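S.K.: structure17.txt is reproduced below (compact mmCIF, C-alpha atoms).
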```txt
# COMPACT_ATOMS: atom_id res chain seq x y z
CA MET A 1005 -16.49 -40.85 -184.44
CA TYR A 1006 -13.29 -38.85 -184.12
CA PHE A 1007 -12.63 -39.33 -187.80
CA LYS A 1008 -16.02 -37.88 -188.65
CA ARG A 1009 -15.31 -34.81 -186.57
CA TRP A 1010 -12.03 -34.32 -188.38
CA GLU A 1011 -13.91 -34.50 -191.68
CA LEU A 1012 -16.40 -31.99 -190.34
CA ASP A 1013 -13.57 -29.60 -189.54
CA VAL A 1014 -12.32 -29.83 -193.11
CA GLN A 1015 -15.82 -29.06 -194.35
CA VAL A 1016 -16.03 -26.07 -192.01
CA MET A 1017 -12.70 -24.83 -193.38
CA LYS A 1018 -14.05 -25.10 -196.91
CA VAL A 1019 -17.17 -23.10 -196.08
CA VAL A 1020 -15.76 -20.46 -193.74
CA GLY A 1021 -12.36 -20.29 -195.44
CA GLY A 1022 -8.92 -20.88 -194.00
CA ARG A 1023 -6.09 -23.30 -194.26
CA CYS A 1024 -6.44 -26.92 -193.20
CA PRO A 1025 -5.05 -27.56 -189.74
CA ALA A 1026 -2.48 -30.29 -189.23
CA ARG A 1027 -4.21 -33.58 -188.57
CA PRO A 1028 -3.99 -34.26 -184.85
CA HIS A 1029 -2.84 -37.59 -183.56
CA GLU A 1030 -5.85 -39.88 -183.74
CA GLU A 1031 -5.45 -41.44 -180.31
CA GLN A 1032 -5.06 -38.03 -178.67
CA LEU A 1033 -8.10 -36.75 -180.49
CA ARG A 1034 -10.16 -39.79 -179.49
CA ARG A 1035 -9.25 -39.25 -175.85
CA VAL A 1036 -10.13 -35.56 -175.92
CA ASN A 1037 -13.34 -36.18 -177.86
CA ARG A 1038 -14.86 -38.15 -174.99
CA LEU A 1039 -14.80 -35.00 -172.87
CA LEU A 1040 -16.32 -32.70 -175.47
CA PRO A 1041 -19.87 -31.87 -176.53
CA PRO A 1042 -20.82 -33.73 -179.74
CA GLY A 1043 -20.12 -31.81 -182.93
CA CYS A 1044 -16.94 -30.12 -181.68
CA SER A 1045 -14.43 -30.19 -184.55
CA ALA A 1046 -10.65 -30.41 -184.32
CA GLY A 1047 -10.26 -26.64 -184.44
CA CYS A 1048 -12.95 -26.26 -181.83
CA THR A 1049 -11.18 -28.87 -179.65
CA ARG A 1050 -7.93 -26.92 -179.78
CA GLY A 1051 -9.81 -23.71 -179.09
CA LEU A 1052 -11.47 -25.12 -175.98
CA ARG A 1053 -8.18 -26.57 -174.74
CA ASP A 1054 -6.36 -23.25 -175.18
CA ALA A 1055 -9.27 -21.26 -173.72
CA LEU A 1056 -9.24 -23.17 -170.44
CA PRO A 1057 -6.53 -21.13 -168.65
CA ILE A 1058 -8.10 -17.88 -169.90
CA VAL A 1059 -11.55 -18.94 -168.71
CA LEU A 1060 -10.19 -19.89 -165.28
CA ALA A 1061 -8.74 -16.40 -164.87
CA TYR A 1062 -11.51 -14.40 -166.56
CA VAL A 1063 -14.28 -15.62 -164.25
CA PRO A 1064 -12.75 -14.10 -161.07
CA LEU A 1065 -11.39 -11.06 -162.94
CA GLY A 1066 -14.78 -10.37 -164.52
CA ALA A 1067 -16.39 -10.87 -161.12
CA GLY A 1068 -14.09 -8.18 -159.73
CA PHE A 1069 -15.47 -5.72 -162.25
CA GLY A 1070 -19.04 -6.78 -161.53
CA LEU A 1071 -18.49 -6.22 -157.84
CA LEU A 1072 -16.99 -2.74 -158.36
CA ALA A 1073 -19.82 -1.79 -160.70
CA ARG A 1074 -22.49 -2.83 -158.23
CA VAL A 1075 -20.81 -0.83 -155.47
CA ILE A 1076 -21.32 2.36 -157.52
CA GLY A 1077 -24.95 1.39 -158.22
CA MET A 1078 -24.71 0.19 -161.82
CA PRO A 1079 -27.75 -1.95 -162.76
CA LEU A 1080 -27.05 -5.65 -163.26
CA TRP A 1081 -28.00 -5.58 -166.96
CA LEU A 1082 -25.57 -2.72 -167.62
CA VAL A 1083 -22.76 -4.78 -166.07
CA GLY A 1084 -23.56 -7.47 -168.64
CA VAL A 1085 -23.80 -4.97 -171.52
CA THR A 1086 -20.45 -3.41 -170.57
CA SER A 1087 -18.71 -6.80 -170.48
CA LEU A 1088 -20.38 -7.73 -173.77
CA LEU A 1089 -19.52 -4.56 -175.72
CA LEU A 1090 -16.21 -3.42 -174.25
CA PHE A 1091 -14.62 -6.79 -173.34
CA ALA A 1092 -11.50 -5.13 -171.94
CA GLY A 1093 -10.13 -5.96 -168.50
CA ALA A 1094 -8.09 -2.88 -167.70
CA GLY A 1095 -10.59 -0.62 -169.48
CA GLN A 1096 -13.58 -1.84 -167.50
CA TYR A 1097 -11.76 -1.58 -164.17
CA MET A 1098 -10.92 2.00 -165.16
CA VAL A 1099 -14.55 2.78 -165.94
CA ALA A 1100 -15.73 1.55 -162.55
CA SER A 1101 -13.00 3.19 -160.49
CA MET A 1102 -13.14 6.52 -162.38
CA LEU A 1103 -16.94 6.67 -162.03
CA ALA A 1104 -16.50 6.00 -158.32
CA SER A 1105 -14.07 8.91 -157.98
CA GLY A 1106 -16.39 11.28 -159.86
CA VAL A 1107 -14.49 11.63 -163.16
CA SER A 1108 -16.73 12.89 -165.99
CA LEU A 1109 -17.85 10.51 -168.73
CA PRO A 1110 -16.00 12.20 -171.65
CA VAL A 1111 -12.70 11.97 -169.74
CA ILE A 1112 -13.38 8.31 -168.89
CA THR A 1113 -14.21 7.56 -172.53
CA ALA A 1114 -11.00 9.17 -173.79
CA SER A 1115 -8.88 7.39 -171.14
CA VAL A 1116 -10.33 3.97 -171.94
CA ILE A 1117 -9.73 4.44 -175.68
CA LEU A 1118 -6.15 5.57 -174.99
CA VAL A 1119 -5.52 2.54 -172.77
CA ASN A 1120 -6.90 0.21 -175.45
CA LEU A 1121 -4.73 1.68 -178.22
CA ARG A 1122 -2.23 -1.06 -177.36
CA HIS A 1123 -4.54 -3.40 -179.26
CA LEU A 1124 -3.42 -1.73 -182.51
CA LEU A 1125 -0.27 -3.79 -182.27
CA TYR A 1126 -2.10 -7.06 -181.57
CA SER A 1127 -4.40 -6.40 -184.49
CA ALA A 1128 -1.53 -5.80 -186.92
CA SER A 1129 0.24 -8.93 -185.71
CA ILE A 1130 -2.77 -11.29 -185.75
CA GLY A 1131 -3.82 -10.01 -189.20
CA VAL A 1132 -0.88 -11.89 -190.72
CA LYS A 1133 -2.19 -15.11 -189.17
CA LEU A 1134 -5.76 -14.56 -190.41
CA ARG A 1135 -4.58 -14.10 -193.99
CA GLY A 1136 -5.72 -17.57 -195.10
CA TRP A 1137 -9.33 -16.96 -194.09
CA ARG A 1138 -11.63 -16.74 -197.07
CA SER A 1139 -14.31 -14.65 -195.38
CA GLY A 1140 -13.47 -11.02 -194.69
CA ILE A 1141 -16.55 -10.66 -192.49
CA ALA A 1142 -15.32 -13.52 -190.29
CA ARG A 1143 -12.00 -11.67 -189.81
CA TRP A 1144 -13.78 -8.46 -188.80
CA ALA A 1145 -15.98 -10.39 -186.39
CA ALA A 1146 -13.07 -12.37 -184.94
CA VAL A 1147 -10.96 -9.40 -183.83
CA PHE A 1148 -13.82 -8.15 -181.65
CA GLY A 1149 -12.56 -10.61 -179.05
CA LEU A 1150 -8.87 -9.73 -179.37
CA THR A 1151 -7.97 -9.09 -175.72
CA ASP A 1152 -4.42 -9.29 -174.33
CA GLU A 1153 -4.90 -12.93 -173.39
CA VAL A 1154 -6.72 -14.07 -176.53
CA TYR A 1155 -3.98 -12.41 -178.58
CA ALA A 1156 -1.20 -13.95 -176.49
CA VAL A 1157 -2.62 -17.46 -176.88
CA SER A 1158 -3.67 -17.34 -180.53
CA SER A 1159 -0.51 -15.63 -181.80
CA THR A 1160 1.73 -18.25 -180.19
CA ALA A 1161 -0.40 -21.27 -181.21
CA PRO A 1162 1.80 -23.76 -183.08
CA GLU A 1163 -1.03 -24.81 -185.43
CA PRO A 1164 -2.66 -22.48 -188.00
CA VAL A 1165 -5.21 -20.03 -186.61
CA THR A 1166 -8.37 -21.34 -188.30
CA PRO A 1167 -11.81 -19.72 -187.91
CA ALA A 1168 -13.07 -22.68 -185.85
CA TYR A 1169 -10.08 -22.38 -183.52
CA PHE A 1170 -10.11 -18.61 -183.10
CA PHE A 1171 -13.87 -18.25 -182.64
CA THR A 1172 -13.98 -21.05 -180.05
CA LEU A 1173 -11.12 -19.43 -178.15
CA ALA A 1174 -12.54 -15.90 -178.30
CA VAL A 1175 -16.18 -16.81 -177.62
CA ALA A 1176 -15.31 -19.08 -174.68
CA SER A 1177 -13.17 -16.32 -173.17
CA HIS A 1178 -15.85 -13.71 -173.77
CA LEU A 1179 -18.58 -15.88 -172.19
CA ALA A 1180 -16.37 -16.46 -169.15
CA TRP A 1181 -15.80 -12.70 -168.89
CA ILE A 1182 -19.51 -11.85 -169.15
CA GLY A 1183 -20.51 -14.70 -166.83
CA GLY A 1184 -17.89 -13.66 -164.29
CA GLY A 1185 -19.07 -10.06 -164.44
CA LEU A 1186 -22.73 -10.98 -163.92
CA GLY A 1187 -21.81 -13.47 -161.21
CA GLY A 1188 -19.70 -10.92 -159.38
CA ALA A 1189 -22.40 -8.27 -159.62
CA TRP A 1190 -25.09 -10.68 -158.49
CA LEU A 1191 -23.33 -12.61 -155.75
CA GLY A 1192 -21.04 -9.87 -154.50
CA GLY A 1193 -17.80 -10.83 -152.80
CA LEU A 1194 -18.63 -14.45 -152.11
CA LEU A 1195 -15.32 -15.72 -153.50
CA PRO A 1196 -12.57 -15.27 -150.88
CA ALA A 1197 -9.90 -12.76 -151.94
CA ALA A 1198 -7.15 -15.39 -151.59
CA VAL A 1199 -8.86 -17.68 -154.13
CA THR A 1200 -9.26 -14.80 -156.59
CA GLU A 1201 -5.59 -13.90 -156.17
CA VAL A 1202 -4.43 -17.46 -156.84
CA LEU A 1203 -6.66 -17.79 -159.92
CA THR A 1204 -5.43 -14.44 -161.23
CA TYR A 1205 -1.86 -15.71 -160.99
CA SER A 1206 -2.76 -18.33 -163.60
CA LEU A 1207 -2.58 -15.46 -166.14
CA THR A 1208 1.03 -14.72 -165.16
CA ALA A 1209 1.85 -18.43 -165.38
CA LEU A 1210 0.10 -18.55 -168.77
CA PHE A 1211 2.17 -15.66 -170.16
CA LEU A 1212 5.34 -17.33 -168.87
CA ALA A 1213 4.39 -20.66 -170.44
CA LEU A 1214 3.62 -18.98 -173.78
CA LEU A 1215 6.89 -17.02 -173.77
CA LEU A 1216 9.19 -19.89 -172.82
CA GLY A 1217 7.31 -23.00 -173.93
CA THR A 1218 6.12 -22.07 -177.42
CA GLY A 1219 7.85 -20.90 -180.57
CA ARG A 1220 10.71 -22.50 -182.48
CA PRO A 1221 13.65 -23.49 -180.23
CA GLY A 1222 16.18 -21.56 -182.34
CA THR A 1223 14.39 -18.30 -181.64
CA LEU A 1224 14.59 -18.45 -177.83
CA ALA A 1225 17.40 -15.87 -177.55
CA SER A 1226 15.66 -13.24 -179.65
CA ARG A 1227 12.34 -13.91 -177.89
CA LEU A 1228 14.01 -13.46 -174.50
CA VAL A 1229 15.68 -10.21 -175.57
CA ALA A 1230 12.39 -8.88 -176.93
CA ALA A 1231 10.63 -9.81 -173.69
CA ALA A 1232 13.38 -8.39 -171.46
CA VAL A 1233 13.45 -5.02 -173.25
CA ALA A 1234 9.65 -4.79 -173.27
CA GLY A 1235 9.36 -5.97 -169.67
CA SER A 1236 11.91 -3.43 -168.33
CA ILE A 1237 10.15 -0.52 -170.03
CA ALA A 1238 6.70 -1.70 -168.93
CA LEU A 1239 7.94 -2.18 -165.36
CA ALA A 1240 9.56 1.27 -165.20
CA ALA A 1241 6.36 2.83 -166.55
CA ARG A 1242 4.19 0.85 -164.14
CA LEU A 1243 6.17 2.16 -161.16
CA ARG A 1244 5.37 5.70 -162.33
CA GLY A 1245 1.70 4.91 -162.88
CA TRP A 1246 1.80 4.93 -166.71
CA GLU A 1247 0.83 1.32 -167.01
CA SER A 1248 -0.83 1.28 -170.40
CA ALA A 1249 1.56 3.66 -172.16
CA GLY A 1250 4.41 1.51 -170.81
CA LEU A 1251 2.81 -1.61 -172.21
CA LEU A 1252 2.58 -0.11 -175.69
CA ALA A 1253 6.02 1.58 -175.64
CA GLY A 1254 7.62 -1.54 -174.17
CA ALA A 1255 5.99 -3.78 -176.76
CA VAL A 1256 7.17 -1.59 -179.66
CA ALA A 1257 10.74 -1.33 -178.30
CA GLY A 1258 10.88 -5.03 -177.46
CA THR A 1259 9.55 -6.02 -180.88
CA THR A 1260 12.19 -3.88 -182.56
CA ALA A 1261 14.95 -5.37 -180.37
CA GLY A 1262 13.82 -8.92 -181.13
CA TRP A 1263 13.53 -8.14 -184.83
CA ALA A 1264 17.02 -6.56 -184.92
CA LEU A 1265 18.53 -9.59 -183.22
CA THR A 1266 16.77 -12.03 -185.54
CA ARG A 1267 17.96 -10.06 -188.58
CA ARG A 1268 21.54 -9.93 -187.30
CA LYS A 1269 21.48 -13.68 -186.64
CA GLN A 1270 20.17 -14.41 -190.12
CA GLU A 1271 22.88 -12.22 -191.63
CA LEU A 1272 25.58 -14.00 -189.65
CA GLU A 1273 24.18 -17.40 -190.64
CA ALA A 1274 24.08 -16.41 -194.29
CA CYS A 1275 27.64 -15.22 -193.87
CA ALA A 1276 28.75 -18.47 -192.25
CA ALA A 1277 27.13 -20.45 -195.06
CA LYS A 1278 28.98 -18.32 -197.57
CA TRP A 1279 32.31 -18.82 -195.78
CA ALA A 1280 31.67 -22.57 -195.66
CA GLY A 1281 31.25 -22.43 -199.43
CA ALA A 1282 34.72 -20.82 -199.49
CA SER A 1283 33.64 -17.73 -201.37
CA SER A 1284 34.23 -14.07 -200.61
CA GLY A 1285 32.05 -10.97 -200.45
CA CYS A 1286 30.89 -11.55 -196.93
CA GLU A 1287 32.88 -8.92 -195.10
CA GLY A 1288 31.43 -5.94 -196.86
CA LYS A 1289 27.90 -7.10 -196.16
CA SER A 1290 28.44 -7.81 -192.49
CA THR A 1291 30.16 -4.50 -191.74
CA SER A 1292 27.49 -2.48 -193.50
CA SER A 1293 24.73 -4.29 -191.65
CA GLY A 1294 26.60 -4.08 -188.37
CA SER A 1295 26.44 -0.32 -188.46
CA SER A 1296 22.77 -0.22 -189.35
CA GLY A 1297 21.46 -3.03 -187.16
CA GLY A 1298 21.05 -2.41 -183.45
CA GLY A 1299 21.02 -6.06 -182.49
CA SER A 1300 24.68 -6.51 -181.49
CA THR A 1301 23.84 -6.15 -177.80
CA ARG A 1302 24.49 -9.78 -177.03
CA MET B 908 -24.30 14.71 -167.15
CA ASN B 909 -21.05 16.06 -165.78
CA GLY B 910 -22.53 17.10 -162.48
CA THR B 911 -23.89 13.62 -161.72
CA THR B 912 -22.65 11.83 -158.63
CA TRP B 913 -21.96 8.19 -159.41
CA THR B 914 -20.54 7.32 -156.04
CA ASN B 915 -23.81 6.67 -154.24
CA THR B 916 -25.10 3.13 -154.05
CA SER B 917 -28.66 4.08 -155.01
CA PRO B 918 -29.91 2.81 -158.40
CA TRP B 919 -29.07 4.93 -161.42
CA THR B 920 -31.66 7.27 -162.92
CA ASP B 921 -32.71 6.95 -166.57
CA GLY B 922 -30.59 10.00 -167.43
CA MET B 923 -27.49 8.40 -165.88
CA ILE B 924 -28.12 5.18 -167.78
CA THR B 925 -28.50 7.02 -171.10
CA ALA B 926 -25.34 9.04 -170.51
CA TYR B 927 -23.40 5.93 -169.51
CA LEU B 928 -24.67 3.91 -172.49
CA THR B 929 -23.63 6.68 -174.89
CA ALA B 930 -20.13 6.82 -173.39
CA LEU B 931 -19.93 3.01 -173.40
CA LEU B 932 -20.83 2.87 -177.11
CA VAL B 933 -18.12 5.41 -177.97
CA MET B 934 -15.39 3.66 -175.97
CA SER B 935 -16.43 0.24 -177.26
CA LEU B 936 -16.28 1.52 -180.84
CA GLY B 937 -12.84 3.06 -180.22
CA THR B 938 -11.59 -0.20 -178.74
CA TYR B 939 -13.02 -2.22 -181.62
CA LEU B 940 -11.42 0.04 -184.21
CA ALA B 941 -8.05 -0.37 -182.46
CA ARG B 942 -8.55 -4.14 -182.62
CA SER B 943 -9.70 -4.26 -186.23
CA LEU B 944 -8.19 -1.56 -188.44
CA PRO B 945 -4.52 -2.72 -188.49
CA MET B 946 -5.75 -6.28 -189.18
CA ALA B 947 -7.58 -5.01 -192.27
CA PHE B 948 -4.22 -3.96 -193.71
CA THR B 949 -1.95 -6.77 -192.52
CA SER B 950 -4.34 -9.57 -193.51
CA ARG B 951 -4.05 -8.57 -197.18
CA LYS B 952 -1.54 -10.21 -199.46
CA ALA B 953 1.15 -7.65 -200.15
CA LEU B 954 3.04 -6.73 -197.01
CA PRO B 955 6.76 -5.88 -197.01
CA PRO B 956 8.70 -8.94 -195.76
CA GLY B 957 10.59 -6.70 -193.33
CA LEU B 958 7.32 -5.70 -191.67
CA VAL B 959 6.17 -9.31 -191.47
CA ARG B 960 9.43 -10.22 -189.73
CA TRP B 961 9.01 -7.28 -187.35
CA LEU B 962 5.46 -8.42 -186.55
CA ASP B 963 6.86 -11.88 -185.75
CA SER B 964 8.48 -10.39 -182.66
CA VAL B 965 5.33 -8.67 -181.38
CA ALA B 966 4.11 -11.70 -179.41
CA PRO B 967 7.23 -12.25 -177.23
CA ALA B 968 7.54 -8.49 -176.65
CA VAL B 969 3.90 -8.19 -175.56
CA LEU B 970 4.31 -11.20 -173.26
CA GLY B 971 7.42 -9.60 -171.78
CA ALA B 972 5.63 -6.28 -171.29
CA LEU B 973 2.77 -8.06 -169.49
CA LEU B 974 5.17 -10.16 -167.40
CA GLY B 975 7.56 -7.40 -166.29
CA PRO B 976 5.14 -5.54 -164.00
CA ALA B 977 3.25 -8.72 -163.03
CA LEU B 978 6.43 -10.43 -161.80
CA PHE B 979 8.46 -7.60 -160.28
CA ALA B 980 5.76 -5.18 -159.07
CA PRO B 981 2.63 -7.29 -158.51
CA GLY B 982 0.80 -4.69 -156.43
CA GLY B 983 2.12 -1.73 -158.39
CA GLN B 984 5.22 -1.43 -156.21
CA LEU B 985 8.64 -3.00 -156.50
CA LEU B 986 9.06 -5.89 -154.04
CA PRO B 987 12.34 -7.43 -152.84
CA PRO B 988 12.68 -10.77 -154.71
CA TRP B 989 12.70 -12.89 -151.55
CA GLN B 990 9.36 -11.36 -150.45
CA ASN B 991 7.77 -11.60 -153.87
CA PRO B 992 5.73 -14.80 -154.30
CA ALA B 993 4.85 -13.86 -157.91
CA LEU B 994 8.54 -13.83 -158.88
CA LEU B 995 9.54 -16.86 -156.78
CA ALA B 996 6.69 -18.99 -158.16
CA ALA B 997 7.74 -18.03 -161.69
CA LEU B 998 11.11 -19.79 -161.26
CA PRO B 999 9.83 -23.41 -161.14
CA ALA B 1000 7.20 -22.52 -163.75
CA ALA B 1001 9.91 -21.16 -166.08
CA VAL B 1002 12.02 -24.31 -165.67
CA VAL B 1003 9.03 -26.53 -166.48
CA ALA B 1004 8.04 -24.34 -169.46
CA LEU B 1005 11.57 -24.55 -170.90
CA LYS B 1006 12.15 -28.26 -170.25
CA LYS B 1007 8.71 -29.76 -170.88
CA ARG B 1008 7.10 -27.20 -173.24
CA ASN B 1009 3.76 -28.21 -171.73
CA LEU B 1010 1.24 -25.42 -171.12
CA ALA B 1011 -1.04 -27.21 -168.64
CA LEU B 1012 1.84 -28.55 -166.57
CA THR B 1013 3.45 -25.08 -166.42
CA LEU B 1014 0.18 -23.57 -165.20
CA VAL B 1015 -0.25 -26.23 -162.52
CA VAL B 1016 3.35 -25.83 -161.28
CA GLY B 1017 3.18 -22.01 -161.33
CA VAL B 1018 -0.18 -21.66 -159.60
CA GLY B 1019 0.71 -24.46 -157.15
CA ALA B 1020 4.01 -22.82 -156.21
CA TYR B 1021 2.26 -19.45 -155.88
CA THR B 1022 -0.40 -20.92 -153.58
CA ILE B 1023 2.26 -22.46 -151.32
CA LEU B 1024 4.35 -19.28 -151.34
CA ILE B 1025 1.58 -16.82 -150.44
CA THR B 1026 0.66 -18.94 -147.44
CA VAL B 1027 4.35 -19.05 -146.40
CA VAL B 1028 5.23 -15.39 -147.11
CA ARG B 1029 2.10 -14.01 -145.44
CA ASP B 1030 2.72 -15.92 -142.19
```
Output the file's structure in the form of structure tokens.
M.R.:
Amino acid sequence: MYFKRWELDVQVMKVVGGRCPARPHEEQLRRVNRLLPPGCSAGCTRGLRDALPIVLAYVPLGAGFGLLARVIGMPLWLVGVTSLLLFAGAGQYMVASMLASGVSLPVITASVILVNLRHLLYSASIGVKLRGWRSGIARWAAVFGLTDEVYAVSSTAPEPVTPAYFFTLAVASHLAWIGGGLGGAWLGGLLPAAVTEVLTYSLTALFLALLLGTGRPGTLASRLVAAAVAGSIALAARLRGWESAGLLAGAVAGTTAGWALTRRKQELEACAAKWAGASSGCEGKSTSSGSSGGGSTR
Amino acid sequence: MNGTTWTNTSPWTDGMITAYLTALLVMSLGTYLARSLPMAFTSRKALPPGLVRWLDSVAPAVLGALLGPALFAPGGQLLPPWQNPALLAALPAAVVALKKRNLALTLVVGVGAYTILITVVRD
């Protein structure tokens, strides 16, 4: 049974395009398969597994938006349409709270687009991972669901980002977001605030787990430097109320810091290899790069 | 529709719904373009290797930028570390993430520690 599903996944890859995922351990796959709906391929299995923490957090977060929207009199169906079309946590909270404080629609529209400009960076980064996909239309459809969390999970996934994997992850997250929104709008504040708060913390724990528990072990130092630079800038901006600008500026600065450190490390390693080979010509290279690279902060 | 009051709890009129839907379409399109256009370039073959290496560092930087405010200023204001359950609960979660490299276990430890801490700190 599990073998058939693996075969199915390969067939899906051939049709939709994309690289073959690594074959999962058979016993592990057999165990997981018992819990899944029939017809779920290996990529779909991974997608569902990785979507679980996002789903757990999106239901209460979406419900928060639904509740806010109902308070300002938004019809239930519009809550659903907003969650379906916009699919942006911070953006939708902004819409509801700005409408409530009487901000005009053009200003709200411009603010939401500005806040969501941070996705430019996610899009550029995930594009590299979608390169193996054969279908261009699938790529354009996939990035519709590229929220902060979907990006964070898919970009740090150790296995290749196949269409089956990405669509399962994005669609499950989106359904949880829409369902949460409708549920919140319909039921109101039935979920106690403490429960919502605890479930929301699962996002923080998820980010932490992705930062520290994924990626190649040799890259931990540069990942930590990138995160620390980005986190300090985002925190400073948050304290002044420029949350979204801080997120984008912090991410760009942190990326550059991490990149500089990685480059410096590679140069030093190349240098060490050269020295081990007892040849010369290393000094000139390292001094010239030392002046240009900004990664010597360690 | 600039003069409309949205703050009342009465149902929206058709005019309000039309105005809102128009605005929603524009902001959704803007958001989608931000999510799609850079991908259209970076998913093609020829990309400078330097840029690819730079893009490699986007994920940890984004995670750091999301974590910074969430850990140190959970409610939008800086909290002293010993009164900050979000930061304190992150410590065991970080240890588990580093040692075990297990996503589910890290989530369970982090959320569990947070649950215990908010009941302790609030009392």
S.K.: Expressed in Å to a single decimal, how great is the separation between atom CA of A:Ala1100 and atom CA of A:Ile1182?
M.R.: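 Atom CA of A:Ile1182 lies 15.4 Å from atom CA of A:Ala1100.
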S.K.: What lies within 9 Å of stretch 932-940 of chain B using only C-alpha atoms, ignoring chain neighbours under 5 positions off, as a PDB file with C-alpha atoms, keeping the file's coordinate frame?
M.R.:
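Once everything was written out, this is selection_35.pdb:
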```
ATOM      1  CA  THR A1086     -20.450  -3.410-170.570  1.00  0.00           C
ATOM      2  CA  LEU A1089     -19.520  -4.560-175.720  1.00  0.00           C
ATOM      3  CA  LEU A1090     -16.210  -3.420-174.250  1.00  0.00           C
ATOM      4  CA  PHE A1091     -14.620  -6.790-173.340  1.00  0.00           C
ATOM      5  CA  ALA A1092     -11.500  -5.130-171.940  1.00  0.00           C
ATOM      6  CA  ILE A1112     -13.380   8.310-168.890  1.00  0.00           C
ATOM      7  CA  THR A1113     -14.210   7.560-172.530  1.00  0.00           C
ATOM      8  CA  ALA A1114     -11.000   9.170-173.790  1.00  0.00           C
ATOM      9  CA  SER A1115      -8.880   7.390-171.140  1.00  0.00           C
ATOM     10  CA  VAL A1116     -10.330   3.970-171.940  1.00  0.00           C
ATOM     11  CA  ILE A1117      -9.730   4.440-175.680  1.00  0.00           C
ATOM     12  CA  LEU A1118      -6.150   5.570-174.990  1.00  0.00           C
ATOM     13  CA  VAL A1119      -5.520   2.540-172.770  1.00  0.00           C
ATOM     14  CA  ASN A1120      -6.900   0.210-175.450  1.00  0.00           C
ATOM     15  CA  LEU A1121      -4.730   1.680-178.220  1.00  0.00           C
ATOM     16  CA  HIS A1123      -4.540  -3.400-179.260  1.00  0.00           C
ATOM     17  CA  LEU A1124      -3.420  -1.730-182.510  1.00  0.00           C
ATOM     18  CA  VAL A1147     -10.960  -9.400-183.830  1.00  0.00           C
ATOM     19  CA  PHE A1148     -13.820  -8.150-181.650  1.00  0.00           C
ATOM     20  CA  GLY A1149     -12.560 -10.610-179.050  1.00  0.00           C
ATOM     21  CA  LEU A1150      -8.870  -9.730-179.370  1.00  0.00           C
TER      22      LEU A1150
ATOM     23  CA  TYR B 927     -23.400   5.930-169.510  1.00  0.00           C
ATOM     24  CA  PRO B 945      -4.520  -2.720-188.490  1.00  0.00           C
TER      25      PRO B 945
END
```
S.K.: One decimal, in Å: what's the spacing between atom CA of A:Asp1054 and atom CA of A:Ser1206?
M.R.: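 Here the two named atoms are 13.1 Å from each other.
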S.K.: Tell me as number ranges by chain which residues belonging to chain B come within 7 Å of chain A, counting all atoms listed in the file.
M.R.: B: 909, 912-919, 930, 934-935, 937-939, 941-943, 945-947, 949-951, 960-962, 964-977, 983-984, 997, 1000-1001, 1004-1005, 1008-1010, 1013-1014, 1017-1018, 1022
S.K.: What separation in Å, quoted to one decimal, exists between atom CA of A:Trp1246 and atom CA of A:Phe1069?
M.R.: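 Result for atom CA of A:Trp1246 versus atom CA of A:Phe1069: 20.8 Å, one decimal.
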S.K.: May I have the residues at most 7 Å from (6.7, -22.1, -157.5) in the file's coordinates, counting only C-alpha atoms, as JSON, numbers by chain?
M.R.: {"B": [995, 996, 997, 998, 999, 1000, 1016, 1017, 1019, 1020, 1021]}
S.K.: For the selection you just gave me, I'd like the residues written to a file as a compact mmCIF listing (two decimals), keeping the file's coordinate frame, keeping C-alpha atoms.
M.R.:
```
# COMPACT_ATOMS: atom_id res chain seq x y z
CA LEU B 995 9.54 -16.86 -156.78
CA ALA B 996 6.69 -18.99 -158.16
CA ALA B 997 7.74 -18.03 -161.69
CA LEU B 998 11.11 -19.79 -161.26
CA PRO B 999 9.83 -23.41 -161.14
CA ALA B 1000 7.20 -22.52 -163.75
CA VAL B 1016 3.35 -25.83 -161.28
CA GLY B 1017 3.18 -22.01 -161.33
CA GLY B 1019 0.71 -24.46 -157.15
CA ALA B 1020 4.01 -22.82 -156.21
CA TYR B 1021 2.26 -19.45 -155.88
```
S.K.: For A:Val1059, please output as a VMD selection string all residues within 8 Å (counting only C-alpha atoms; exclusion window: fewer than 5 positions along the same chain).
M.R.: chain A and resid 1176 to 1177 1180 to 1181
S.K.: Nearest residue to B:Leu931 out of A:Leu1060, A:Ala1142, A:Val1083, A:Ala1276, using all atoms listed in the file?
M.R.: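 Result for the nearest residue to B:Leu931: A:Val1083.
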S.K.: From the options A:Trp1190, A:Val1154, A:Cys1275, A:Ala1094, which residue's atoms come nearest to A:Val1175, counting only C-alpha atoms?
M.R.: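 Counting only C-alpha atoms, the residue closest to A:Val1175 is A:Val1154.
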S.K.: Neighbours of A:Gly1187 within 9 Å (all atoms listed in the file; same-chain residues fewer than 3 positions away dropped), as a PDB file with C-alpha atoms, in the frame of the given file?
M.R.:
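What follows is the written file part.pdb:
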```
ATOM      1  CA  VAL A1063     -14.280 -15.620-164.250  1.00  0.00           C
ATOM      2  CA  GLY A1066     -14.780 -10.370-164.520  1.00  0.00           C
ATOM      3  CA  ALA A1067     -16.390 -10.870-161.120  1.00  0.00           C
ATOM      4  CA  GLY A1070     -19.040  -6.780-161.530  1.00  0.00           C
ATOM      5  CA  LEU A1071     -18.490  -6.220-157.840  1.00  0.00           C
ATOM      6  CA  ILE A1182     -19.510 -11.850-169.150  1.00  0.00           C
ATOM      7  CA  GLY A1183     -20.510 -14.700-166.830  1.00  0.00           C
ATOM      8  CA  GLY A1184     -17.890 -13.660-164.290  1.00  0.00           C
ATOM      9  CA  TRP A1190     -25.090 -10.680-158.490  1.00  0.00           C
ATOM     10  CA  LEU A1191     -23.330 -12.610-155.750  1.00  0.00           C
ATOM     11  CA  GLY A1192     -21.040  -9.870-154.500  1.00  0.00           C
TER      12      GLY A1192
END
```
